[in-house]
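Shown next: protein.cif, containing mmCIF, C-alpha atoms.
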data_run
#
loop_
_atom_site.group_PDB
_atom_site.id
_atom_site.type_symbol
_atom_site.label_atom_id
_atom_site.label_comp_id
_atom_site.auth_asym_id
_atom_site.auth_seq_id
_atom_site.Cartn_x
_atom_site.Cartn_y
_atom_site.Cartn_z
ATOM 1 C CA MET A 78 -5.724 -6.566 19.217
ATOM 2 C CA THR A 79 -2.998 -8.269 21.135
ATOM 3 C CA ALA A 80 0.420 -6.910 20.333
ATOM 4 C CA LYS A 81 3.231 -8.820 21.976
ATOM 5 C CA ILE A 82 5.213 -5.625 22.558
ATOM 6 C CA SER A 83 4.199 -3.562 25.574
ATOM 7 C CA TYR A 84 3.822 0.213 25.307
ATOM 8 C CA ALA A 85 5.636 0.573 28.617
ATOM 9 C CA ASP A 86 8.661 -1.294 27.291
ATOM 10 C CA VAL A 87 9.418 0.958 24.340
ATOM 11 C CA GLU A 88 10.815 4.439 24.198
ATOM 12 C CA VAL A 89 11.561 6.936 21.495
ATOM 13 C CA GLY A 90 14.561 5.531 19.668
ATOM 14 C CA THR A 91 13.739 1.864 20.295
ATOM 15 C CA GLU A 92 14.914 0.009 17.190
ATOM 16 C CA LEU A 93 12.844 -2.692 15.528
ATOM 17 C CA PRO A 94 14.640 -5.765 14.146
ATOM 18 C CA ALA A 95 15.754 -4.882 10.613
ATOM 19 C CA GLN A 96 14.997 -7.253 7.738
ATOM 20 C CA THR A 97 16.166 -7.845 4.181
ATOM 21 C CA PHE A 98 13.640 -8.841 1.537
ATOM 22 C CA PRO A 99 14.702 -10.435 -1.756
ATOM 23 C CA VAL A 100 12.892 -9.447 -4.970
ATOM 24 C CA THR A 101 13.309 -11.376 -8.208
ATOM 25 C CA ARG A 102 11.422 -11.279 -11.494
ATOM 26 C CA ALA A 103 9.491 -14.315 -10.285
ATOM 27 C CA THR A 104 8.493 -12.392 -7.144
ATOM 28 C CA LEU A 105 7.093 -9.594 -9.297
ATOM 29 C CA VAL A 106 5.094 -11.942 -11.500
ATOM 30 C CA GLN A 107 3.627 -13.577 -8.404
ATOM 31 C CA TYR A 108 2.810 -10.185 -6.873
ATOM 32 C CA ALA A 109 1.230 -9.017 -10.142
ATOM 33 C CA GLY A 110 -1.106 -11.996 -10.051
ATOM 34 C CA ALA A 111 -1.982 -11.666 -6.385
ATOM 35 C CA SER A 112 -2.548 -7.903 -6.504
ATOM 36 C CA GLY A 113 -4.061 -7.635 -9.975
ATOM 37 C CA ASP A 114 -1.484 -5.004 -11.009
ATOM 38 C CA PHE A 115 -0.295 -6.188 -14.423
ATOM 39 C CA ASN A 116 1.437 -2.982 -15.485
ATOM 40 C CA PRO A 117 4.172 -4.245 -17.860
ATOM 41 C CA ILE A 118 6.853 -2.036 -16.287
ATOM 42 C CA HIS A 119 6.893 -4.723 -13.571
ATOM 43 C CA TRP A 120 7.614 -7.699 -15.837
ATOM 44 C CA ASN A 121 8.451 -6.597 -19.400
ATOM 45 C CA GLU A 122 11.998 -5.286 -19.768
ATOM 46 C CA LYS A 123 11.440 -4.020 -23.308
ATOM 47 C CA PHE A 124 8.393 -2.037 -22.259
ATOM 48 C CA ALA A 125 10.106 -0.668 -19.147
ATOM 49 C CA LYS A 126 13.040 0.630 -21.174
ATOM 50 C CA GLU A 127 10.740 2.137 -23.792
ATOM 51 C CA VAL A 128 9.127 4.304 -21.127
ATOM 52 C CA GLY A 129 12.518 5.448 -19.859
ATOM 53 C CA LEU A 130 13.160 3.115 -16.932
ATOM 54 C CA PRO A 131 16.578 1.491 -16.501
ATOM 55 C CA ASP A 132 15.002 -1.984 -16.285
ATOM 56 C CA VAL A 133 11.962 -3.733 -14.834
ATOM 57 C CA ILE A 134 11.014 -2.173 -11.488
ATOM 58 C CA ALA A 135 9.184 -3.608 -8.492
ATOM 59 C CA HIS A 136 5.622 -2.548 -7.762
ATOM 60 C CA GLY A 137 5.735 0.309 -5.274
ATOM 61 C CA MET A 138 2.954 -1.461 -3.402
ATOM 62 C CA PHE A 139 5.127 -4.572 -3.171
ATOM 63 C CA THR A 140 7.859 -2.561 -1.464
ATOM 64 C CA MET A 141 5.227 -0.984 0.787
ATOM 65 C CA ALA A 142 3.947 -4.455 1.704
ATOM 66 C CA GLU A 143 7.455 -5.650 2.596
ATOM 67 C CA ALA A 144 8.375 -2.573 4.637
ATOM 68 C CA ILE A 145 5.431 -2.920 7.049
ATOM 69 C CA ARG A 146 6.545 -6.464 7.871
ATOM 70 C CA VAL A 147 9.257 -4.975 10.067
ATOM 71 C CA VAL A 148 6.385 -3.571 12.156
ATOM 72 C CA THR A 149 3.946 -6.499 11.957
ATOM 73 C CA ASP A 150 6.641 -9.078 12.745
ATOM 74 C CA TRP A 151 7.665 -6.929 15.726
ATOM 75 C CA VAL A 152 4.170 -6.631 17.216
ATOM 76 C CA GLY A 153 2.918 -10.062 16.081
ATOM 77 C CA ASP A 154 -0.622 -8.890 15.326
ATOM 78 C CA PRO A 155 -0.878 -7.181 11.920
ATOM 79 C CA GLY A 156 -4.261 -5.859 13.054
ATOM 80 C CA ALA A 157 -2.427 -3.560 15.448
ATOM 81 C CA VAL A 158 -1.445 -1.256 12.582
ATOM 82 C CA VAL A 159 -3.589 1.887 12.861
ATOM 83 C CA GLU A 160 -2.008 3.990 10.123
ATOM 84 C CA TYR A 161 0.582 3.375 7.447
ATOM 85 C CA GLY A 162 1.856 5.683 4.733
ATOM 86 C CA VAL A 163 4.785 5.980 2.350
ATOM 87 C CA ARG A 164 6.079 8.130 -0.486
ATOM 88 C CA PHE A 165 7.499 6.306 -3.501
ATOM 89 C CA THR A 166 10.707 8.233 -4.035
ATOM 90 C CA ARG A 167 12.812 5.867 -6.157
ATOM 91 C CA PRO A 168 12.050 2.614 -7.961
ATOM 92 C CA VAL A 169 13.487 -0.756 -6.920
ATOM 93 C CA VAL A 170 15.214 -1.948 -10.087
ATOM 94 C CA VAL A 171 15.044 -5.724 -10.497
ATOM 95 C CA PRO A 172 17.594 -7.209 -12.932
ATOM 96 C CA ASN A 173 16.907 -10.435 -14.780
ATOM 97 C CA ASP A 174 19.483 -12.610 -13.042
ATOM 98 C CA ASP A 175 19.638 -15.183 -10.263
ATOM 99 C CA ARG A 176 19.850 -12.627 -7.489
ATOM 100 C CA GLY A 177 17.378 -9.934 -8.466
ATOM 101 C CA ALA A 178 17.319 -7.089 -5.946
ATOM 102 C CA THR A 179 16.988 -6.737 -2.200
ATOM 103 C CA VAL A 180 15.092 -4.242 -0.086
ATOM 104 C CA GLU A 181 16.549 -3.526 3.340
ATOM 105 C CA VAL A 182 14.130 -2.160 5.910
ATOM 106 C CA SER A 183 14.817 -0.798 9.362
ATOM 107 C CA GLY A 184 12.528 0.981 11.780
ATOM 108 C CA LYS A 185 12.585 2.853 15.026
ATOM 109 C CA VAL A 186 10.077 4.314 17.410
ATOM 110 C CA ALA A 187 9.849 8.026 16.627
ATOM 111 C CA ALA A 188 7.082 9.075 19.028
ATOM 112 C CA LYS A 189 4.891 7.695 21.787
ATOM 113 C CA LEU A 190 1.287 8.715 21.154
ATOM 114 C CA ASP A 191 -2.067 8.386 22.921
ATOM 115 C CA ASP A 192 -3.995 5.156 23.498
ATOM 116 C CA ASN A 193 -0.908 2.939 23.697
ATOM 117 C CA THR A 194 0.095 3.789 20.146
ATOM 118 C CA VAL A 195 3.547 4.623 18.856
ATOM 119 C CA ARG A 196 4.771 6.045 15.582
ATOM 120 C CA VAL A 197 7.429 3.956 13.859
ATOM 121 C CA ASP A 198 9.581 5.570 11.169
ATOM 122 C CA LEU A 199 10.787 3.119 8.538
ATOM 123 C CA THR A 200 13.806 3.335 6.261
ATOM 124 C CA ALA A 201 13.796 1.234 3.094
ATOM 125 C CA THR A 202 16.802 1.058 0.803
ATOM 126 C CA SER A 203 17.750 -0.914 -2.283
ATOM 127 C CA ASP A 204 21.212 -0.899 -3.820
ATOM 128 C CA GLY A 205 22.213 1.654 -1.194
ATOM 129 C CA GLN A 206 19.530 4.176 -2.161
ATOM 130 C CA LYS A 207 16.417 5.119 -0.227
ATOM 131 C CA VAL A 208 13.343 3.889 -2.067
ATOM 132 C CA LEU A 209 10.616 5.126 0.283
ATOM 133 C CA GLY A 210 10.204 8.539 1.860
ATOM 134 C CA MET A 211 8.033 9.522 4.814
ATOM 135 C CA ALA A 212 7.495 5.847 5.566
ATOM 136 C CA ARG A 213 5.599 5.893 8.835
ATOM 137 C CA ALA A 214 3.291 3.578 10.702
ATOM 138 C CA VAL A 215 1.218 4.097 13.809
ATOM 139 C CA VAL A 216 0.789 0.868 15.719
ATOM 140 C CA ARG A 217 -1.125 -0.034 18.879
ATOM 141 C CA LEU A 218 0.933 -1.844 21.488
ATOM 142 C CA GLY A 219 -0.144 -4.018 24.368
ATOM 143 C CA MET B 39 -3.640 20.919 -19.885
ATOM 144 C CA ALA B 40 -4.369 21.589 -16.231
ATOM 145 C CA LEU B 41 -7.028 19.452 -14.624
ATOM 146 C CA ASP B 42 -10.273 21.181 -13.755
ATOM 147 C CA GLN B 43 -10.189 22.393 -10.143
ATOM 148 C CA SER B 44 -13.973 22.146 -9.946
ATOM 149 C CA PHE B 45 -13.534 18.370 -9.575
ATOM 150 C CA VAL B 46 -12.084 18.842 -6.079
ATOM 151 C CA GLY B 47 -14.549 17.429 -3.555
ATOM 152 C CA ARG B 48 -16.335 15.312 -6.133
ATOM 153 C CA SER B 49 -17.367 11.872 -4.870
ATOM 154 C CA TYR B 50 -18.149 8.912 -7.073
ATOM 155 C CA PRO B 51 -20.897 6.355 -6.395
ATOM 156 C CA PRO B 52 -19.924 3.483 -4.056
ATOM 157 C CA THR B 53 -18.548 0.411 -5.811
ATOM 158 C CA GLU B 54 -20.332 -2.918 -5.896
ATOM 159 C CA PRO B 55 -19.298 -5.013 -2.857
ATOM 160 C CA TYR B 56 -15.983 -6.863 -3.065
ATOM 161 C CA GLU B 57 -16.095 -10.078 -1.047
ATOM 162 C CA VAL B 58 -12.784 -10.759 0.673
ATOM 163 C CA GLY B 59 -11.879 -14.423 0.221
ATOM 164 C CA ARG B 60 -9.741 -16.485 2.574
ATOM 165 C CA GLU B 61 -7.755 -17.935 -0.321
ATOM 166 C CA LYS B 62 -7.245 -14.504 -1.895
ATOM 167 C CA ILE B 63 -5.695 -13.329 1.377
ATOM 168 C CA ARG B 64 -3.470 -16.416 1.432
ATOM 169 C CA GLU B 65 -2.425 -15.797 -2.166
ATOM 170 C CA PHE B 66 -1.504 -12.196 -1.349
ATOM 171 C CA ALA B 67 0.393 -13.129 1.821
ATOM 172 C CA GLU B 68 2.367 -15.754 -0.107
ATOM 173 C CA ALA B 69 3.144 -13.262 -2.868
ATOM 174 C CA VAL B 70 4.744 -10.896 -0.358
ATOM 175 C CA GLY B 71 6.418 -13.816 1.430
ATOM 176 C CA ASP B 72 4.667 -13.086 4.716
ATOM 177 C CA ALA B 73 4.158 -16.191 6.862
ATOM 178 C CA ASN B 74 2.251 -14.443 9.686
ATOM 179 C CA PRO B 75 -0.351 -17.073 10.707
ATOM 180 C CA ALA B 76 -3.029 -14.395 11.226
ATOM 181 C CA TYR B 77 -3.357 -14.322 7.410
ATOM 182 C CA THR B 78 -3.910 -18.035 6.882
ATOM 183 C CA ASP B 79 -4.924 -19.721 10.131
ATOM 184 C CA ALA B 80 -8.324 -18.754 11.536
ATOM 185 C CA GLU B 81 -7.416 -20.123 14.977
ATOM 186 C CA ALA B 82 -4.261 -18.016 15.088
ATOM 187 C CA ALA B 83 -6.277 -14.967 14.052
ATOM 188 C CA LYS B 84 -8.878 -15.703 16.751
ATOM 189 C CA ALA B 85 -6.135 -15.985 19.349
ATOM 190 C CA LEU B 86 -5.285 -12.383 18.457
ATOM 191 C CA GLY B 87 -8.919 -11.339 18.910
ATOM 192 C CA HIS B 88 -10.031 -11.357 15.267
ATOM 193 C CA PRO B 89 -13.177 -13.230 14.172
ATOM 194 C CA ASP B 90 -11.449 -14.745 11.116
ATOM 195 C CA VAL B 91 -8.200 -14.514 9.163
ATOM 196 C CA ILE B 92 -7.178 -10.944 8.464
ATOM 197 C CA ALA B 93 -5.514 -9.436 5.405
ATOM 198 C CA PRO B 94 -2.061 -7.824 5.306
ATOM 199 C CA PRO B 95 -2.246 -4.041 5.753
ATOM 200 C CA THR B 96 -1.748 -3.181 2.074
ATOM 201 C CA PHE B 97 -4.107 -5.874 0.716
ATOM 202 C CA VAL B 98 -6.994 -3.419 0.443
ATOM 203 C CA PHE B 99 -5.121 -1.318 -2.117
ATOM 204 C CA ALA B 100 -6.194 -3.629 -4.931
ATOM 205 C CA ILE B 101 -9.791 -2.784 -4.053
ATOM 206 C CA THR B 102 -9.396 0.952 -3.501
ATOM 207 C CA PHE B 103 -7.229 1.398 -6.580
ATOM 208 C CA LYS B 104 -9.767 -0.346 -8.756
ATOM 209 C CA ALA B 105 -12.378 1.988 -7.315
ATOM 210 C CA ALA B 106 -10.125 4.965 -8.053
ATOM 211 C CA GLY B 107 -10.290 3.826 -11.672
ATOM 212 C CA GLN B 108 -13.672 5.566 -11.821
ATOM 213 C CA VAL B 109 -11.856 8.832 -11.221
ATOM 214 C CA VAL B 110 -8.902 8.065 -13.436
ATOM 215 C CA ALA B 111 -11.133 7.043 -16.327
ATOM 216 C CA ASP B 112 -13.590 9.941 -15.952
ATOM 217 C CA PRO B 113 -13.484 11.486 -19.435
ATOM 218 C CA GLN B 114 -14.617 14.837 -18.030
ATOM 219 C CA LEU B 115 -11.588 14.966 -15.723
ATOM 220 C CA GLY B 116 -9.278 14.134 -18.628
ATOM 221 C CA LEU B 117 -6.326 12.578 -16.809
ATOM 222 C CA ASP B 118 -3.704 11.095 -19.153
ATOM 223 C CA TYR B 119 -3.249 7.751 -17.428
ATOM 224 C CA SER B 120 -0.323 6.723 -19.624
ATOM 225 C CA ARG B 121 1.732 9.389 -17.824
ATOM 226 C CA VAL B 122 0.596 8.553 -14.295
ATOM 227 C CA VAL B 123 2.902 7.325 -11.532
ATOM 228 C CA HIS B 124 2.011 6.443 -7.955
ATOM 229 C CA GLY B 125 3.382 9.178 -5.711
ATOM 230 C CA ASP B 126 2.209 8.480 -2.162
ATOM 231 C CA GLN B 127 0.018 5.937 -0.452
ATOM 232 C CA LYS B 128 -1.487 6.034 3.010
ATOM 233 C CA PHE B 129 -4.012 3.970 4.971
ATOM 234 C CA ALA B 130 -5.887 4.639 8.221
ATOM 235 C CA TYR B 131 -7.591 1.601 9.718
ATOM 236 C CA ASP B 132 -10.532 1.262 12.079
ATOM 237 C CA ARG B 133 -9.937 -2.480 11.937
ATOM 238 C CA PRO B 134 -8.087 -4.904 9.676
ATOM 239 C CA VAL B 135 -9.793 -6.235 6.560
ATOM 240 C CA ARG B 136 -10.832 -9.857 7.134
ATOM 241 C CA ALA B 137 -12.177 -12.860 5.267
ATOM 242 C CA GLY B 138 -15.897 -12.587 4.593
ATOM 243 C CA ASP B 139 -15.946 -8.794 4.457
ATOM 244 C CA ARG B 140 -18.053 -7.374 1.680
ATOM 245 C CA LEU B 141 -16.402 -4.043 1.059
ATOM 246 C CA THR B 142 -17.599 -1.019 -0.847
ATOM 247 C CA VAL B 143 -15.413 1.949 -1.718
ATOM 248 C CA THR B 144 -16.449 5.549 -2.130
ATOM 249 C CA SER B 145 -13.818 7.550 -3.989
ATOM 250 C CA THR B 146 -13.475 11.301 -3.566
ATOM 251 C CA ILE B 147 -11.106 13.729 -5.258
ATOM 252 C CA GLU B 148 -9.444 15.546 -2.375
ATOM 253 C CA LYS B 149 -6.980 17.762 -4.167
ATOM 254 C CA ILE B 150 -5.753 18.731 -7.625
ATOM 255 C CA ARG B 151 -2.522 20.631 -8.075
ATOM 256 C CA SER B 152 -0.232 21.578 -10.928
ATOM 257 C CA MET B 153 3.469 21.451 -10.093
ATOM 258 C CA ALA B 154 6.068 22.213 -12.753
ATOM 259 C CA GLY B 155 3.743 20.946 -15.451
ATOM 260 C CA ASN B 156 2.910 17.774 -13.504
ATOM 261 C CA GLU B 157 -0.668 17.190 -12.443
ATOM 262 C CA VAL B 158 -0.993 15.906 -8.892
ATOM 263 C CA LEU B 159 -4.254 14.222 -7.967
ATOM 264 C CA ASP B 160 -5.164 13.099 -4.444
ATOM 265 C CA ILE B 161 -7.911 10.492 -4.245
ATOM 266 C CA ARG B 162 -9.452 9.276 -0.985
ATOM 267 C CA GLY B 163 -11.153 5.895 -0.856
ATOM 268 C CA ASP B 164 -13.455 5.285 2.108
ATOM 269 C CA VAL B 165 -14.005 1.567 2.637
ATOM 270 C CA HIS B 166 -17.101 0.284 4.457
ATOM 271 C CA ASP B 167 -18.274 -3.226 5.256
ATOM 272 C CA GLN B 168 -21.690 -4.813 4.666
ATOM 273 C CA ASP B 169 -22.994 -3.293 7.904
ATOM 274 C CA GLY B 170 -21.992 0.188 6.818
ATOM 275 C CA GLU B 171 -19.142 0.298 9.342
ATOM 276 C CA HIS B 172 -15.981 2.098 8.323
ATOM 277 C CA VAL B 173 -13.021 -0.281 7.918
ATOM 278 C CA VAL B 174 -10.203 1.707 6.348
ATOM 279 C CA THR B 175 -9.545 4.849 4.359
ATOM 280 C CA ALA B 176 -6.906 4.873 1.631
ATOM 281 C CA TRP B 177 -5.274 8.018 0.252
ATOM 282 C CA THR B 178 -3.616 7.671 -3.135
ATOM 283 C CA LYS B 179 -1.554 10.403 -4.727
ATOM 284 C CA LEU B 180 -1.197 10.067 -8.492
ATOM 285 C CA VAL B 181 1.230 12.208 -10.459
ATOM 286 C CA ALA B 182 0.682 12.680 -14.192
ATOM 287 C CA ARG B 183 4.057 13.700 -15.527
ATOM 288 C CA ALA B 184 4.203 16.653 -17.875
ATOM 289 C CA ALA B 185 4.059 15.712 -21.547
ATOM 290 C CA GLU B 186 7.491 15.889 -23.155
ATOM 291 C CA GLU B 187 8.179 18.440 -25.849
ATOM 292 C CA ALA B 188 7.412 16.947 -29.240
#
Target encoding structure tokens, full file:
Amino acid sequence: MTAKISYADVEVGTELPAQTFPVTRATLVQYAGASGDFNPIHWNEKFAKEVGLPDVIAHGMFTMAEAIRVVTDWVGDPGAVVEYGVRFTRPVVVPNDDRGATVEVSGKVAAKLDDNTVRVDLTATSDGQKVLGMARAVVRLG
Amino acid sequence: MALDQSFVGRSYPPTEPYEVGREKIREFAEAVGDANPAYTDAEAAKALGHPDVIAPPTFVFAITFKAAGQVVADPQLGLDYSRVVHGDQKFAYDRPVRAGDRLTVTSTIEKIRSMAGNEVLDIRGDVHDQDGEHVVTAWTKLVARAAEEA
């Protein structure tokens, strides 16, 4: 593991570069294929509405995959992630238009732990609402 | 109907090995729009100390969730999958998943709770490689929403 961020250079409160991730219907179809999750709530508007959703929603695991990029892009080596967990608190609704939705993710160092690891707390929002709760990663720094 | 608490602690037989393919990792990385070269370029991955390209952190979910299907589909447990939503997800890694891994998953029911008519099921998936070394553990919380009044 060779993280490009040094443990000595971060402190509690250090902010990671925030990122915005676009999500369109095409993104969801591609993710369905790559992940093998073909649940129709992620691509079939009629089905989604029949089960009480406002529209097609993104895979929670897609949002989880995007959110950790704030950490892996920061450290460079994705293999430096030791732990990663989230709670799916609210769906990312993806309308069928040119823009789709966006997920905005920010992160900051919440604790310095043993063995050159730090805990990063992530915040993910879409349309102004938090979509992940308890989104935390432990990552090993250089 | 409440799920049977006696299923807590039950483990299911390990899955048949899943061989992690280089192109499957690339496909996944492209699907999440992640251009990190450690996922697609073996030399870049080696420069970071990995023997081959590695998979994004959440890649392994497809494998552990399929394994959890043994639990979900267990007729004796009686979970109504049509009402299930994904509540929480967590991973703890000993090392990243990488191309060439042949991974088996052992699923265990860690907890069953009833909350306001919802059934909450915690499943742990322990992932080992072909040498029997632990790679990652995945915890998946599934929530079966209460059936609506007819």
Neighbours of Asp72 in chain B within 12 Å (all atoms listed in the file; same-chain residues fewer than 6 positions away dropped), as a ChimeraX atom specification? /A:98,139,142-147,149-150,153,155 /B:63-66,78,93-95
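When only C-alpha atoms are used to compute distances to Thr96 in chain B, the closest of the residues B:Gln114, B:Ser44, B:Gln108, B:Gln127 turns out to be B:Gln127.
Applied to this file, the PyMOL selection byres ((chain A and resi 94) around 12) selects the residues Thr91, Glu92, Leu93, Ala95, Gln96, Thr97, Ala144, Ile145, Arg146, Val147, Val148, Thr149, Asp150, Trp151, Val152, Glu181, Val182, Ser183, Gly184, Lys185, Val186 and Leu199 of chain A.
Distance-wise, CA of Met138 in chain A and CA of Asp112 in chain B end up 23.7 Å apart.
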When the PyMOL selection byres ((chain A) within 8 of (chain B)) is applied to the file above, which residues end up in the set, as number ranges by chain? A: 78-79, 104, 107-108, 111-114, 137-139, 141-143, 145-146, 150, 153-156, 158-166
Counting only C-alpha atoms, find the residues whose atoms lie at most 12 Å from (0.3, 11.9, -11.4) (file coordinates) and write them out as a PyMOL selection string. chain B and resi 40-41+110+117-126+149-161+178-185
Residues matched by the PyMOL selection byres ((chain A and resi 188) around 8), written as a count of residues only: 9
If you count all atoms listed in the file, which residues fall within 9 Å of Arg167 in chain A, apart from same-chain ones fewer than 4 positions away, as a PyMOL selection string? chain A and resi 206-210
Which centre and edge lengths in Å to one decimal define the box along x, y and z that fits every listed atom of range 64-73 of chain B plus 5 Å per side, as lines of an AutoDock Vina configuration file?
center_x = 1.5
center_y = -13.7
center_z = 2.0
size_x = 19.9
size_y = 15.5
size_z = 19.7
Residue with smallest distance to Ala201 in chain A - pool A:Pro117, A:Pro168, A:Pro131, A:Gly219, counting all atoms listed in the file: A:Pro168
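Omitting range 174-179 of chain A and its sequence neighbours fewer than 3 positions away, and counting all atoms listed in the file, the residues within 9 Å are Thr97, Phe98, Pro99, Val100, Thr101, Arg102, Val169, Val170, Val171, Thr202, Ser203 and Asp204 of chain A.
Here CA of Val109 in chain B stands at a distance of 8.2 Å from CA of Thr146 in chain B.
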What does the structure give for the distance between CA of Asp139 in chain B and CA of Asp90 in chain B, in Å to one decimal? 10.0 Å
Point out the residue among A:Asp192, A:Pro172, A:Gly110, A:Ala157 with the least atom-to-atom distance to Ala214 in chain A, counting only C-alpha atoms. A:Ala157
